$ cat my_file_14.csv   # CSV, C-alpha atoms and all ligand atoms
chain,number,residue,atom,x,y,z
A,1,MET,CA,-3.1,-2.9,21.2
A,2,SER,CA,-5.5,-5.8,21.2
A,3,ALA,CA,-4.5,-9.5,21.4
A,4,ARG,CA,-3.1,-11.2,18.3
A,5,ARG,CA,-5.8,-12.4,15.9
A,6,SER,CA,-5.9,-16.0,14.8
A,7,VAL,CA,-6.1,-17.5,11.3
A,8,PRO,CA,-8.1,-20.8,10.7
A,9,LYS,CA,-6.1,-23.9,9.7
A,10,HIS,CA,-7.5,-24.1,6.2
A,11,ILE,CA,-5.9,-20.8,5.0
A,12,LYS,CA,-2.7,-21.0,3.0
A,13,LEU,CA,0.1,-19.3,5.0
A,14,PRO,CA,3.1,-17.3,3.7
A,15,ASP,CA,6.4,-18.6,5.0
A,16,TYR,CA,6.8,-15.9,7.7
A,17,SER,CA,3.4,-16.4,9.4
A,18,ASP,CA,4.9,-18.5,12.1
A,19,LEU,CA,8.4,-17.1,12.9
A,20,GLY,CA,8.2,-13.6,11.3
A,21,ARG,CA,11.0,-14.0,8.8
A,22,PRO,CA,10.1,-14.1,5.1
A,23,ILE,CA,12.8,-16.6,4.2
A,24,SER,CA,12.0,-16.9,0.5
A,25,GLU,CA,12.1,-13.1,0.2
A,26,ILE,CA,15.5,-12.8,2.0
A,27,LYS,CA,17.0,-15.5,-0.3
A,28,ASN,CA,15.6,-13.9,-3.4
A,29,ASP,CA,17.0,-10.5,-2.5
A,30,ARG,CA,20.5,-11.7,-3.5
A,31,ILE,CA,19.3,-12.6,-7.0
A,32,GLY,CA,17.4,-9.4,-7.9
A,33,LYS,CA,15.9,-10.5,-11.2
A,34,ILE,CA,12.5,-9.1,-12.1
A,35,THR,CA,9.9,-11.9,-12.7
A,36,GLN,CA,7.7,-11.8,-15.8
A,37,TYR,CA,4.6,-13.8,-14.8
A,38,SER,CA,3.0,-16.4,-17.0
A,39,ALA,CA,-0.6,-16.1,-18.2
A,40,LYS,CA,-1.6,-18.8,-15.6
A,41,ASP,CA,0.0,-16.9,-12.7
A,42,ILE,CA,-1.6,-13.7,-13.9
A,43,GLU,CA,-5.0,-15.2,-13.7
A,44,LYS,CA,-4.3,-16.0,-10.0
A,45,ILE,CA,-2.8,-12.5,-9.4
A,46,ARG,CA,-6.1,-11.0,-10.8
A,47,LYS,CA,-8.1,-13.0,-8.3
A,48,VAL,CA,-6.1,-11.9,-5.3
A,49,ALA,CA,-6.1,-8.3,-6.5
A,50,LYS,CA,-9.9,-8.4,-6.7
A,51,ILE,CA,-10.1,-9.7,-3.1
A,52,SER,CA,-7.7,-7.0,-1.9
A,53,ARG,CA,-9.8,-4.3,-3.4
A,54,GLU,CA,-13.0,-5.7,-2.0
A,55,VAL,CA,-11.7,-5.9,1.6
A,56,LEU,CA,-10.1,-2.5,1.5
A,57,ASP,CA,-13.4,-1.0,0.3
A,58,ILE,CA,-15.4,-2.7,3.0
A,59,ALA,CA,-12.9,-1.6,5.7
A,60,ALA,CA,-12.9,2.0,4.4
A,61,SER,CA,-16.7,2.1,4.5
A,62,HIS,CA,-16.5,1.9,8.3
A,63,ILE,CA,-14.3,5.0,8.7
A,64,LYS,CA,-16.0,7.6,10.8
A,65,PRO,CA,-15.2,9.7,13.9
A,66,GLY,CA,-15.1,7.5,17.0
A,67,ILE,CA,-14.1,4.2,15.4
A,68,THR,CA,-10.7,2.9,16.5
A,69,THR,CA,-8.0,1.7,14.1
A,70,ASP,CA,-8.1,-1.7,15.9
A,71,GLU,CA,-11.8,-2.0,15.1
A,72,ILE,CA,-11.0,-1.4,11.4
A,73,ASP,CA,-8.3,-4.0,11.6
A,74,ALA,CA,-10.8,-6.5,13.1
A,75,ILE,CA,-13.2,-5.9,10.1
A,76,LEU,CA,-10.4,-6.2,7.6
A,77,HIS,CA,-9.1,-9.4,9.2
A,78,LYS,CA,-12.6,-11.0,9.2
A,79,GLU,CA,-13.2,-10.1,5.6
A,80,CYS,CA,-9.9,-11.7,4.5
A,81,ILE,CA,-10.7,-14.9,6.4
A,82,LYS,CA,-14.2,-15.0,4.8
A,83,ARG,CA,-12.5,-15.1,1.4
A,84,ASN,CA,-9.9,-17.7,2.5
A,85,ALA,CA,-7.2,-15.1,2.2
A,86,TYR,CA,-4.3,-14.4,4.6
A,87,PRO,CA,-3.8,-10.7,5.7
A,88,SER,CA,-0.2,-10.4,4.6
A,89,PRO,CA,1.0,-7.8,7.2
A,90,LEU,CA,0.2,-10.3,10.1
A,91,ASN,CA,3.7,-11.3,11.5
A,92,TYR,CA,5.6,-10.0,8.4
A,93,TYR,CA,8.9,-9.2,10.1
A,94,ASN,CA,6.7,-9.5,13.3
A,95,PHE,CA,4.3,-6.8,12.3
A,96,PRO,CA,1.6,-7.4,15.0
A,97,LYS,CA,-1.7,-6.7,13.0
A,98,SER,CA,-3.5,-7.5,9.7
A,99,LEU,CA,-3.6,-4.0,8.3
A,100,CYS,CA,-1.5,-0.8,8.4
A,101,THR,CA,-3.4,2.3,9.6
A,102,SER,CA,-1.5,5.5,9.2
A,103,VAL,CA,-3.1,8.6,10.8
A,104,ASN,CA,-2.2,12.3,10.1
A,105,GLU,CA,1.6,12.7,10.5
A,106,VAL,CA,2.1,8.9,10.2
A,107,ILE,CA,3.7,8.3,6.8
A,108,CYS,CA,3.2,4.5,6.7
A,109,HIS,CA,3.2,1.3,8.8
A,110,GLY,CA,1.0,2.6,11.5
A,111,ILE,CA,-0.1,-0.2,13.9
A,112,PRO,CA,-3.9,-0.5,14.6
A,113,ASP,CA,-4.6,0.2,18.3
A,114,LYS,CA,-7.3,1.7,20.6
A,115,THR,CA,-6.8,5.2,19.1
A,116,LYS,CA,-10.2,6.7,18.1
A,117,LEU,CA,-10.3,8.5,14.8
A,118,LYS,CA,-11.6,12.1,15.0
A,119,ASP,CA,-13.2,14.6,12.7
A,120,GLY,CA,-10.4,16.4,10.9
A,121,ASP,CA,-8.0,13.4,10.8
A,122,ILE,CA,-6.9,11.6,7.6
A,123,VAL,CA,-6.2,7.9,7.7
A,124,ASN,CA,-4.5,5.6,5.3
A,125,LEU,CA,-5.5,2.0,5.1
A,126,ASP,CA,-2.8,-0.2,3.5
A,127,VAL,CA,-4.1,-3.7,2.7
A,128,THR,CA,-2.1,-6.7,1.5
A,129,VAL,CA,-3.6,-10.1,1.1
A,130,TYR,CA,-2.1,-13.6,0.3
A,131,TYR,CA,-4.2,-16.0,-1.7
A,132,LEU,CA,-3.5,-18.9,-4.2
A,133,GLY,CA,0.2,-18.3,-3.4
A,134,PHE,CA,0.3,-14.6,-4.4
A,135,HIS,CA,0.2,-11.2,-2.6
A,136,SER,CA,-1.8,-8.2,-3.6
A,137,ASP,CA,-1.0,-4.7,-2.1
A,138,LEU,CA,-2.9,-1.4,-2.3
A,139,ASN,CA,-3.7,1.5,-0.1
A,140,GLU,CA,-5.8,4.8,0.0
A,141,THR,CA,-6.0,7.8,2.3
A,142,TYR,CA,-9.4,8.8,3.5
A,143,TYR,CA,-10.8,12.0,5.2
A,144,VAL,CA,-12.4,11.4,8.6
A,145,GLY,CA,-15.6,13.5,9.0
A,146,ASP,CA,-16.3,16.7,7.2
A,147,LYS,CA,-13.6,18.9,8.9
A,148,ALA,CA,-10.7,17.3,7.0
A,149,LYS,CA,-12.5,17.9,3.7
A,150,CYS,CA,-12.8,21.6,4.5
A,151,ASP,CA,-9.2,22.2,5.3
A,152,PRO,CA,-7.4,23.5,2.2
A,153,ASP,CA,-4.0,22.2,3.0
A,154,THR,CA,-5.3,18.7,3.9
A,155,VAL,CA,-7.2,18.5,0.6
A,156,ARG,CA,-4.2,19.8,-1.4
A,157,LEU,CA,-2.1,17.1,0.2
A,158,VAL,CA,-4.5,14.2,-0.3
A,159,GLU,CA,-5.6,15.1,-3.8
A,160,THR,CA,-2.1,15.9,-5.0
A,161,THR,CA,-1.0,12.4,-3.8
A,162,ARG,CA,-3.9,10.7,-5.5
A,163,GLU,CA,-3.2,12.6,-8.8
A,164,ALA,CA,0.6,12.0,-8.6
A,165,LEU,CA,0.0,8.2,-8.5
A,166,ASP,CA,-2.5,8.5,-11.4
A,167,LEU,CA,0.1,10.5,-13.4
A,168,ALA,CA,2.8,7.9,-12.8
A,169,ILE,CA,0.5,5.0,-13.7
A,170,LYS,CA,-0.1,6.7,-17.1
A,171,ALA,CA,3.6,6.4,-17.9
A,172,VAL,CA,3.8,2.6,-17.3
A,173,LYS,CA,4.3,0.6,-20.5
A,174,PRO,CA,7.0,-1.7,-21.9
A,175,GLY,CA,10.2,0.2,-22.2
A,176,LEU,CA,9.5,2.5,-19.2
A,177,VAL,CA,12.8,3.1,-17.3
A,178,PHE,CA,11.7,2.6,-13.6
A,179,ARG,CA,13.8,5.5,-12.4
A,180,ASP,CA,11.7,8.0,-14.4
A,181,LEU,CA,8.6,7.5,-12.3
A,182,GLY,CA,10.2,9.5,-9.5
A,183,ASN,CA,10.7,12.4,-11.8
A,184,ILE,CA,7.0,12.5,-12.8
A,185,ILE,CA,5.9,12.2,-9.2
A,186,GLU,CA,8.2,14.8,-7.6
A,187,GLU,CA,7.7,17.4,-10.4
A,188,PHE,CA,3.9,17.2,-9.8
A,189,ALA,CA,4.3,17.2,-6.0
A,190,SER,CA,6.6,20.3,-6.0
A,191,LYS,CA,4.2,22.2,-8.3
A,192,ASN,CA,1.6,21.6,-5.5
A,193,SER,CA,4.0,22.5,-2.7
A,194,CYS,CA,4.2,18.9,-1.4
A,195,SER,CA,7.4,17.0,-0.6
A,196,VAL,CA,8.2,13.4,-1.4
A,197,VAL,CA,9.2,10.7,1.1
A,198,ARG,CA,12.5,9.0,0.2
A,199,THR,CA,12.8,6.2,2.7
A,200,TYR,CA,9.9,4.0,1.5
A,201,CYS,CA,9.5,2.9,-2.1
A,202,GLY,CA,7.2,0.9,-4.4
A,203,HIS,CA,8.2,-2.7,-5.1
A,204,GLY,CA,7.8,-5.8,-7.2
A,205,ILE,CA,5.2,-8.2,-5.7
A,206,GLY,CA,3.8,-11.6,-6.5
A,207,GLU,CA,4.8,-14.8,-4.8
A,208,LEU,CA,6.8,-12.5,-2.5
A,209,PHE,CA,5.4,-9.5,-0.7
A,210,HIS,CA,8.4,-7.4,-1.6
A,211,CYS,CA,10.9,-8.0,-4.5
A,212,GLN,CA,12.6,-6.3,-7.5
A,213,PRO,CA,12.1,-3.8,-9.0
A,214,ASN,CA,12.6,-1.0,-6.3
A,215,ILE,CA,10.5,2.0,-7.3
A,216,PRO,CA,11.6,5.3,-5.6
A,217,HIS,CA,9.0,8.1,-5.8
A,218,TYR,CA,11.6,11.0,-5.8
A,219,ALA,CA,13.4,12.7,-8.7
A,220,LYS,CA,16.9,11.8,-9.9
A,221,ASN,CA,16.9,8.4,-8.3
A,222,LYS,CA,19.1,5.5,-9.4
A,223,ALA,CA,16.5,2.7,-9.6
A,224,ILE,CA,17.4,-0.3,-11.8
A,225,GLY,CA,15.3,-1.9,-14.5
A,226,ILE,CA,13.0,-1.4,-17.5
A,227,ALA,CA,9.3,-2.4,-17.6
A,228,LYS,CA,8.5,-5.6,-19.6
A,229,PRO,CA,5.1,-7.4,-20.2
A,230,GLY,CA,4.2,-9.7,-17.3
A,231,MET,CA,6.0,-7.7,-14.6
A,232,VAL,CA,3.9,-6.8,-11.5
A,233,PHE,CA,4.8,-4.0,-9.1
A,234,THR,CA,3.4,-1.3,-6.9
A,235,ILE,CA,3.6,2.5,-7.1
A,236,GLU,CA,2.8,4.0,-3.7
A,237,PRO,CA,3.9,7.7,-3.3
A,238,MET,CA,3.9,9.2,0.2
A,239,LEU,CA,3.7,13.0,0.1
A,240,CYS,CA,4.0,15.5,2.9
A,241,LEU,CA,2.9,19.1,3.6
A,242,GLY,CA,6.2,19.9,5.3
A,243,THR,CA,9.5,18.0,5.4
A,244,TYR,CA,9.9,14.7,3.6
A,245,LYS,CA,12.2,13.5,6.4
A,246,ASP,CA,10.9,10.6,8.5
A,247,VAL,CA,11.6,9.2,11.9
A,248,THR,CA,10.5,5.8,13.3
A,249,TRP,CA,8.7,5.3,16.6
A,250,PRO,CA,10.2,3.0,19.3
A,251,ASP,CA,7.7,0.4,18.2
A,252,ASN,CA,10.1,-0.1,15.2
A,253,TRP,CA,7.3,0.3,12.6
A,254,THR,CA,5.4,3.6,12.8
A,255,ALA,CA,7.1,6.1,10.4
A,256,VAL,CA,6.2,9.7,11.0
A,257,THR,CA,7.2,13.1,9.6
A,258,GLN,CA,9.9,14.8,11.6
A,259,ASP,CA,7.9,18.0,11.7
A,260,GLY,CA,4.6,16.4,12.6
A,261,LYS,CA,2.8,17.8,9.5
A,262,TYR,CA,0.4,15.6,7.6
A,263,SER,CA,1.4,12.9,5.1
A,264,ALA,CA,-0.8,11.1,2.6
A,265,GLN,CA,-0.3,8.0,0.5
A,266,PHE,CA,-2.0,6.0,-2.4
A,267,GLU,CA,-0.9,2.7,-3.7
A,268,GLN,CA,-1.9,0.5,-6.7
A,269,MET,CA,-0.6,-2.8,-8.0
A,270,LEU,CA,0.1,-2.8,-11.7
A,271,LEU,CA,0.6,-5.4,-14.4
A,272,VAL,CA,2.7,-4.4,-17.4
A,273,THR,CA,0.8,-5.4,-20.6
A,274,GLU,CA,2.0,-5.4,-24.3
A,275,ASP,CA,1.0,-1.7,-24.8
A,276,GLY,CA,0.5,-0.2,-21.3
A,277,CYS,CA,-0.5,-1.5,-17.9
A,278,GLU,CA,-3.5,-2.9,-16.1
A,279,VAL,CA,-4.3,-1.4,-12.7
A,280,LEU,CA,-5.0,-4.7,-11.0
A,281,THR,CA,-6.3,-3.1,-7.8
A,282,ALA,CA,-8.3,-0.3,-9.4
A,283,ARG,CA,-11.5,1.1,-7.9
A,284,ASN,CA,-14.8,0.0,-9.3
A,285,GLU,CA,-18.6,0.8,-9.0
A,286,ASN,CA,-18.7,-0.8,-5.6
A,287,SER,CA,-15.9,1.3,-4.1
A,288,PRO,CA,-17.1,4.0,-1.6
A,289,GLY,CA,-17.3,7.2,-3.7
A,290,GLY,CA,-17.5,5.2,-7.0
A,291,PRO,CA,-14.8,4.4,-9.6
A,292,VAL,CA,-13.5,8.0,-9.7
A,293,PRO,CA,-13.6,9.5,-6.3
A,294,ARG,CA,-14.0,13.3,-6.0
A,295,ILE,CA,-13.8,15.5,-3.0
B,301,LIG,N1,1.8,-2.7,2.5
B,301,LIG,C1,3.1,-2.1,2.7
B,301,LIG,C2,3.7,-1.8,1.4
B,301,LIG,O1,3.0,-1.1,0.6
B,301,LIG,C3,4.0,-3.0,3.5
B,301,LIG,C4,3.6,-3.2,4.9
B,301,LIG,S1,4.7,-4.2,5.7
B,301,LIG,C5,3.9,-4.4,7.2
B,301,LIG,O2,4.7,-2.2,0.9
B,301,LIG,F1,4.5,-5.4,7.8
B,301,LIG,F2,3.8,-3.3,7.8
B,301,LIG,F3,2.7,-4.8,6.9
B,302,CO,CO,3.4,-1.9,-1.2
B,303,CO,CO,0.9,-1.5,0.8

$ encode --input "my_file_14.csv" --output "structure tokens"
Amino acid sequence: MSARRSVPKHIKLPDYSDLGRPISEIKNDRIGKITQYSAKDIEKIRKVAKISREVLDIAASHIKPGITTDEIDAILHKECIKRNAYPSPLNYYNFPKSLCTSVNEVICHGIPDKTKLKDGDIVNLDVTVYYLGFHSDLNETYYVGDKAKCDPDTVRLVETTREALDLAIKAVKPGLVFRDLGNIIEEFASKNSCSVVRTYCGHGIGELFHCQPNIPHYAKNKAIGIAKPGMVFTIEPMLCLGTYKDVTWPDNWTAVTQDGKYSAQFEQMLLVTEDGCEVLTARNENSPGGPVPRI
């Protein structure tokens, strides 16, 4: 790992940036109400969402065999600072870097280091930024080099995960029972012979990085809550080629599959509207591969 990156004084910091404990989040956990944001807050949330998409796309455009995950972290960090945004992972429960980089069998929360990406790898970049008092969270999995794009199992995994998220998003509107999202995702994953990770879930987000609702991605879950206009949350399914079971490295962050087979993830942040939802972190014309990526 490289040394800790610094954040200039003028950037607004979340409450954990110094000591690593998200105090407001820990306090809020005991309340468990789902916030419906005001029009004024939603304007701010749209701005931070736009920044998070921009910096993810820039970081992703540098992915190629030979680059290290630490170099991608440095790029992401710099692009956040340029936009007066704080990279939310930095010191969140003492996470040491600005970005999560999850390679191959890493399910999520991989820590950027001097590991070089190689042809045939897949890598997930999970970006969260804090700006105007709000967090925005999204991630995508990318193929490294051409070898990964030619491996049928790798493509099945990555494209099934991408489509599972899109399918779930289509179901989001007022009245949606949050526990139903897992049924949609797991049914589609199973049809394509992929398993669904159970340990990590989507989540409410806004003034806090993680809050209610909890959004499991597996079938027959017991999640609480119903979607209402103004709610903001993520869906971020993690699918695997083999077992869904995870184990955490001794670094206390890196979550990997127990069998070492590949895992992929996609994440979007959504706003529930009067008649559906707005994908706040959606791709656009400037995204690498365009608004609708195709392999
Ligand atoms: N971005 C992750 C999520 O989707 C959380 C990362 S926590 C960190 O919820 F500390 F690892 F950054
Ligand atoms: Co998230
Ligand atoms: Co995320």

$ closest_residue --input "my_file_14.csv" --among "A:Asp57, A:Asp29, A:Asp121, A:Glu140" --to "A:Leu76" --atoms "only C-alpha atoms"
A:Asp57

$ residues_near_ligand --input "my_file_14.csv" --ligand "ligand CO 303 (chain B)" --cutoff "12 Å" --atoms "all atoms listed in the file" --output "PyMOL selection string"
chain A and resi 52-53+56+87-89+98-102+107-110+124-129+135-141+200-205+209-210+233-238+265-269+281

$ atom_distance --input "my_file_14.csv" --atom1 "atom CA of A:Tyr218" --atom2 "atom CA of A:Leu271"
21.5 Å

$ atom_distance --input "my_file_14.csv" --atom1 "atom CA of A:Thr273" --atom2 "atom CA of A:Ile184"
20.5 Å

$ atom_distance --input "my_file_14.csv" --atom1 "atom CA of A:Gly20" --atom2 "atom CA of A:Asn214"
22.1 Å

$ residues_near_point --input "my_file_14.csv" --point "(14.5, 1.4, -16.1)" --cutoff "7 Å" --atoms "all atoms listed in the file" --output "number ranges by chain"
A: 176-179, 223-227

$ residues_near_point --input "my_file_14.csv" --point "(2.4, 20.0, 12.1)" --cutoff "10 Å" --atoms "all atoms listed in the file" --output "list in words"
Asn104, Glu105, Leu241, Gly242, Thr243, Thr257, Gln258, Asp259, Gly260, Lys261 and Tyr262 of chain A

$ closest_residue --input "my_file_14.csv" --among "A:Glu278, A:Pro216, A:Pro293, A:His62" --to "ligand CO 302 (chain B)" --atoms "only C-alpha atoms and all ligand atoms"
A:Pro216

$ residues_around --input "my_file_14.csv" --residues "A:Val292" --least-positions-apart "2" --cutoff "12 Å" --atoms "all atoms listed in the file" --output "list in words"
Arg162, Glu163, Asp166, Ala282, Arg283, Asn284, Glu285, Asn286, Ser287, Pro288, Gly289, Gly290, Arg294 and Ile295 of chain A

$ closest_residue --input "my_file_14.csv" --among "A:Leu19, A:Ala219, A:Ile42, A:Ala168" --to "A:Asn91" --atoms "all atoms listed in the file"
A:Leu19

$ residues_around --input "my_file_14.csv" --residues "A:Leu157" --least-positions-apart "6" --cutoff "7 Å" --atoms "only C-alpha atoms" --output "JSON, numbers by chain"
{"A": [194, 240, 241, 264]}

$ closest_residue --input "my_file_14.csv" --among "A:Leu208, A:Leu181, A:Leu132, A:Cys277" --to "A:Lys40" --atoms "all atoms listed in the file"
A:Leu132

$ closest_residue --input "my_file_14.csv" --among "A:Ser61, A:Gln212, A:Thr254, A:Ser190" --to "ligand CO 302 (chain B)" --atoms "all atoms listed in the file"
A:Gln212

$ closest_residue --input "my_file_14.csv" --among "A:Asn94, A:Asn221, A:Ser195, A:Ser38" --to "ligand LIG 301 (chain B)" --atoms "only C-alpha atoms and all ligand atoms"
A:Asn94

$ residues_around --input "my_file_14.csv" --residues "A:Glu43" --least-positions-apart "2" --cutoff "12 Å" --atoms "all atoms listed in the file" --output "NGL selection string"
:A and (37-41 or 45-50 or 132-134 or 206 or 230 or 271 or 280)

$ build_atoms --input "my_file_14.csv" --residues "stretch 95-119 of chain A" --atoms "N, CA, C and O atoms" --output "compact mmCIF listing (two decimals), in the coordinates of the input"
# COMPACT_ATOMS: atom_id res chain seq x y z
N PHE A 95 5.34 -7.82 12.26
CA PHE A 95 4.30 -6.80 12.30
C PHE A 95 3.08 -7.43 13.07
O PHE A 95 2.66 -8.54 12.73
N PRO A 96 2.52 -6.71 14.07
CA PRO A 96 1.60 -7.40 15.00
C PRO A 96 0.11 -7.47 14.48
O PRO A 96 -0.69 -8.15 15.10
N LYS A 97 -0.24 -6.78 13.41
CA LYS A 97 -1.70 -6.70 13.00
C LYS A 97 -1.85 -7.05 11.55
O LYS A 97 -0.89 -7.30 10.82
N SER A 98 -3.10 -7.03 11.10
CA SER A 98 -3.50 -7.50 9.70
C SER A 98 -3.47 -6.40 8.71
O SER A 98 -3.58 -6.66 7.52
N LEU A 99 -3.38 -5.16 9.18
CA LEU A 99 -3.60 -4.00 8.30
C LEU A 99 -2.67 -2.88 8.85
O LEU A 99 -2.39 -2.81 10.05
N CYS A 100 -2.20 -1.99 7.94
CA CYS A 100 -1.50 -0.80 8.40
C CYS A 100 -2.47 0.38 8.39
O CYS A 100 -3.16 0.61 7.38
N THR A 101 -2.53 1.11 9.50
CA THR A 101 -3.40 2.30 9.60
C THR A 101 -2.57 3.48 9.99
O THR A 101 -2.00 3.53 11.08
N SER A 102 -2.45 4.43 9.05
CA SER A 102 -1.50 5.50 9.20
C SER A 102 -2.31 6.86 9.31
O SER A 102 -2.91 7.28 8.32
N VAL A 103 -2.32 7.46 10.50
CA VAL A 103 -3.10 8.60 10.80
C VAL A 103 -2.30 9.91 10.76
O VAL A 103 -1.22 9.95 11.35
N ASN A 104 -2.78 10.94 10.04
CA ASN A 104 -2.20 12.30 10.10
C ASN A 104 -0.69 12.32 9.74
O ASN A 104 -0.32 12.12 8.60
N GLU A 105 0.16 12.56 10.75
CA GLU A 105 1.60 12.70 10.50
C GLU A 105 2.28 11.32 10.29
O GLU A 105 3.48 11.27 10.02
N VAL A 106 1.52 10.24 10.42
CA VAL A 106 2.10 8.90 10.20
C VAL A 106 2.22 8.71 8.66
O VAL A 106 1.24 8.82 7.93
N ILE A 107 3.44 8.46 8.20
CA ILE A 107 3.70 8.30 6.80
C ILE A 107 3.25 6.93 6.30
O ILE A 107 2.60 6.79 5.26
N CYS A 108 3.60 5.89 7.05
CA CYS A 108 3.20 4.50 6.70
C CYS A 108 3.48 3.59 7.88
O CYS A 108 4.11 4.00 8.86
N HIS A 109 2.98 2.36 7.78
CA HIS A 109 3.20 1.30 8.80
C HIS A 109 2.69 1.58 10.15
O HIS A 109 3.23 1.07 11.15
N GLY A 110 1.63 2.39 10.25
CA GLY A 110 1.00 2.60 11.50
C GLY A 110 0.32 1.30 12.01
O GLY A 110 -0.22 0.54 11.20
N ILE A 111 0.40 1.05 13.31
CA ILE A 111 -0.10 -0.20 13.90
C ILE A 111 -1.52 0.08 14.49
O ILE A 111 -1.66 0.97 15.33
N PRO A 112 -2.53 -0.67 14.07
CA PRO A 112 -3.90 -0.50 14.60
C PRO A 112 -3.86 -0.66 16.16
O PRO A 112 -3.25 -1.59 16.67
N ASP A 113 -4.55 0.27 16.84
CA ASP A 113 -4.60 0.20 18.30
C ASP A 113 -5.94 0.84 18.76
O ASP A 113 -6.84 1.03 17.96
N LYS A 114 -6.02 1.18 20.05
CA LYS A 114 -7.30 1.70 20.60
C LYS A 114 -7.52 3.17 20.32
O LYS A 114 -8.44 3.78 20.84
N THR A 115 -6.65 3.78 19.49
CA THR A 115 -6.80 5.20 19.10
C THR A 115 -8.12 5.40 18.35
O THR A 115 -8.39 4.70 17.38
N LYS A 116 -8.92 6.38 18.81
CA LYS A 116 -10.20 6.70 18.10
C LYS A 116 -9.87 7.72 17.01
O LYS A 116 -9.20 8.72 17.26
N LEU A 117 -10.41 7.49 15.81
CA LEU A 117 -10.30 8.50 14.80
C LEU A 117 -11.23 9.66 15.12
O LEU A 117 -12.29 9.45 15.73
N LYS A 118 -10.81 10.90 14.72
CA LYS A 118 -11.60 12.10 15.00
C LYS A 118 -11.84 12.94 13.79
O LYS A 118 -11.03 12.88 12.84
N ASP A 119 -12.91 13.72 13.81
CA ASP A 119 -13.20 14.60 12.70
C ASP A 119 -11.99 15.51 12.47
O ASP A 119 -11.41 16.06 13.42
